[in-house]
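*Asks:* Dropping the structure in here first, questions after.
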Amino acid sequence: MDIEKLVDILKNGGIAVIPTDTVYGIVCDALDEEAVDKIYQLKKRSYSKPMIVLMSDMDMVKKYTKSLSKLEKKLFDTFAPGPLTVLVKKADSIPGVVNSNLPDLGVRIPDDKDLQLLISKLGHPIVATSANVSSSETITRINMLEDSIKDNVDYIYNGGSIYRGASTIVREKDNMVEILRNGDLTENIIEEFKVI
């Protein structure tokens, strides 16, 4: 993956299909409203379905979210980087289109050095959502990409066949962890935390 080229594309409002730490994702600069909007349109995704954002490290998480609770911080400290998405209060600098104008934002620090480097060099979080049209099959190989997406993105990287499992999505509720989507870390979270 040409990180420098990809950073330049994203900085200029482009979108790309690349391997993520789970499956192939369609990505853009999370602070670029037009690019985020284009992803919604390409995926035919409902604007009522918020996107997840990937951040490079805890410094970026602190910059683009409002104050983390002790439990949220402990979740990140325990499982990040890794397949854990935590719903936290977003900073005002993240456009509302990213998360359907909700107060909470799904944040993950991916366990992938290329992704971390890309996000770090971009200097902003990235939106990352599976590179399929909504309700279609998840993309685990580039040759599964639908033409409507393949023909309308600015960069595609073929990283071979990948599938690393979905991230577990959680949020804090009543000082406990609520699991919103089961994934690779669900059992570990149940063992480590009080779960409702």
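Ligands are numbered from 1 in the order shown, residues from 1 within each chain, and chains are lettered A, B, ... in the order they appear in the structure tokens.
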Enumerate the residues of region 54-144 of chain A with a DSSP assignment of strand (DSSP E), computed from the backbone, and present them as a PyMOL selection string.
*Replies:* chain A and resi 54+84-89+104-108+126-130
*Asks:* Counting only C-alpha atoms, which of A:Ile142, A:Ala91, A:Val170, A:Ile196 gets nearest to Lys62 (chain A)?
*Replies:*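 The closest residue to Lys62 (chain A) is A:Ala91.
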*Asks:* Using DSSP secondary structure from the backbone, list all alpha helix (DSSP H) positions within region 125-195 of chain A, as a PyMOL selection string.
*Replies:* chain A and resi 147-150+186-192
*Asks:* In Å, rounded to a single decimal, give me how far CA of Pro103 (chain A) is from CA of Val23 (chain A).
*Replies:*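 It comes out at 26.6 Å.
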*Asks:* Name the residues in contact with region 179-190 of chain A at a cut-off of 7 Å, using only C-alpha atoms, excluding same-chain residues fewer than 5 positions from it; report them as an mmCIF file with N, CA and C atoms, in the first residue's frame.
*Replies:*
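Output saved as around-v1.cif:
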data_model
loop_
_atom_site.group_PDB
_atom_site.id
_atom_site.type_symbol
_atom_site.label_atom_id
_atom_site.label_comp_id
_atom_site.auth_asym_id
_atom_site.auth_seq_id
_atom_site.Cartn_x
_atom_site.Cartn_y
_atom_site.Cartn_z
ATOM 1 N N PRO A 83 -9.709 -5.229 17.821
ATOM 2 C CA PRO A 83 -11.056 -5.210 17.247
ATOM 3 C C PRO A 83 -12.142 -4.811 18.247
ATOM 4 N N LEU A 84 -11.948 -3.655 18.865
ATOM 5 C CA LEU A 84 -12.942 -3.126 19.797
ATOM 6 C C LEU A 84 -13.336 -1.721 19.348
ATOM 7 N N GLY A 165 -12.557 -11.005 11.132
ATOM 8 C CA GLY A 165 -13.645 -10.961 12.107
ATOM 9 C C GLY A 165 -14.073 -9.544 12.416
ATOM 10 N N ALA A 166 -15.311 -9.399 12.834
ATOM 11 C CA ALA A 166 -15.868 -8.072 13.119
ATOM 12 C C ALA A 166 -15.392 -7.578 14.481
ATOM 13 N N SER A 167 -15.362 -6.263 14.617
ATOM 14 C CA SER A 167 -15.036 -5.703 15.935
ATOM 15 C C SER A 167 -16.250 -5.823 16.846
ATOM 16 N N THR A 168 -15.990 -5.974 18.121
ATOM 17 C CA THR A 168 -17.045 -5.904 19.129
ATOM 18 C C THR A 168 -17.352 -4.425 19.372
ATOM 19 N N ILE A 169 -18.634 -4.074 19.373
ATOM 20 C CA ILE A 169 -19.032 -2.685 19.626
ATOM 21 C C ILE A 169 -19.656 -2.588 21.013
ATOM 22 N N VAL A 170 -19.143 -1.644 21.809
ATOM 23 C CA VAL A 170 -19.615 -1.491 23.189
ATOM 24 C C VAL A 170 -19.846 -0.018 23.518
ATOM 25 N N ARG A 171 -20.584 0.206 24.593
ATOM 26 C CA ARG A 171 -20.691 1.542 25.166
ATOM 27 C C ARG A 171 -20.851 1.404 26.670
ATOM 28 N N VAL A 195 -20.660 -6.693 32.588
ATOM 29 C CA VAL A 195 -21.360 -6.518 31.315
ATOM 30 C C VAL A 195 -22.858 -6.626 31.527
#
*Asks:* Could you list, with a cut-off of 9 Å and counting only C-alpha atoms, the residues of region 78-103 of chain A near region 44-59 of chain A, each shown with its nearest atom pair and the distance in Å rounded to one decimal, rows sorted by chain and ascending number, as a Markdown table?
*Replies:*
| residue | atom | partner | partner_atom | distance |
| --- | --- | --- | --- | --- |
| A:Ala80 | CA | A:Asp57 | CA | 8.5 |
| A:Pro81 | CA | A:Asp57 | CA | 7.8 |
| A:Thr85 | CA | A:Ile52 | CA | 7.8 |
| A:Val97 | CA | A:Tyr47 | CA | 7.4 |
| A:Val98 | CA | A:Met51 | CA | 5.5 |
| A:Asn99 | CA | A:Pro50 | CA | 3.9 |
| A:Ser100 | CA | A:Pro50 | CA | 5.1 |
| A:Asn101 | CA | A:Pro50 | CA | 8.3 |
| A:Leu102 | CA | A:Pro50 | CA | 8.1 |
*Asks:* Skip Val86 (chain A) itself and residues of its chain fewer than 5 positions away, then list as a PyMOL selection string all residues within 8 Å of it, counting only C-alpha atoms.
*Replies:* chain A and resi 72+75-76+105-108+169-171
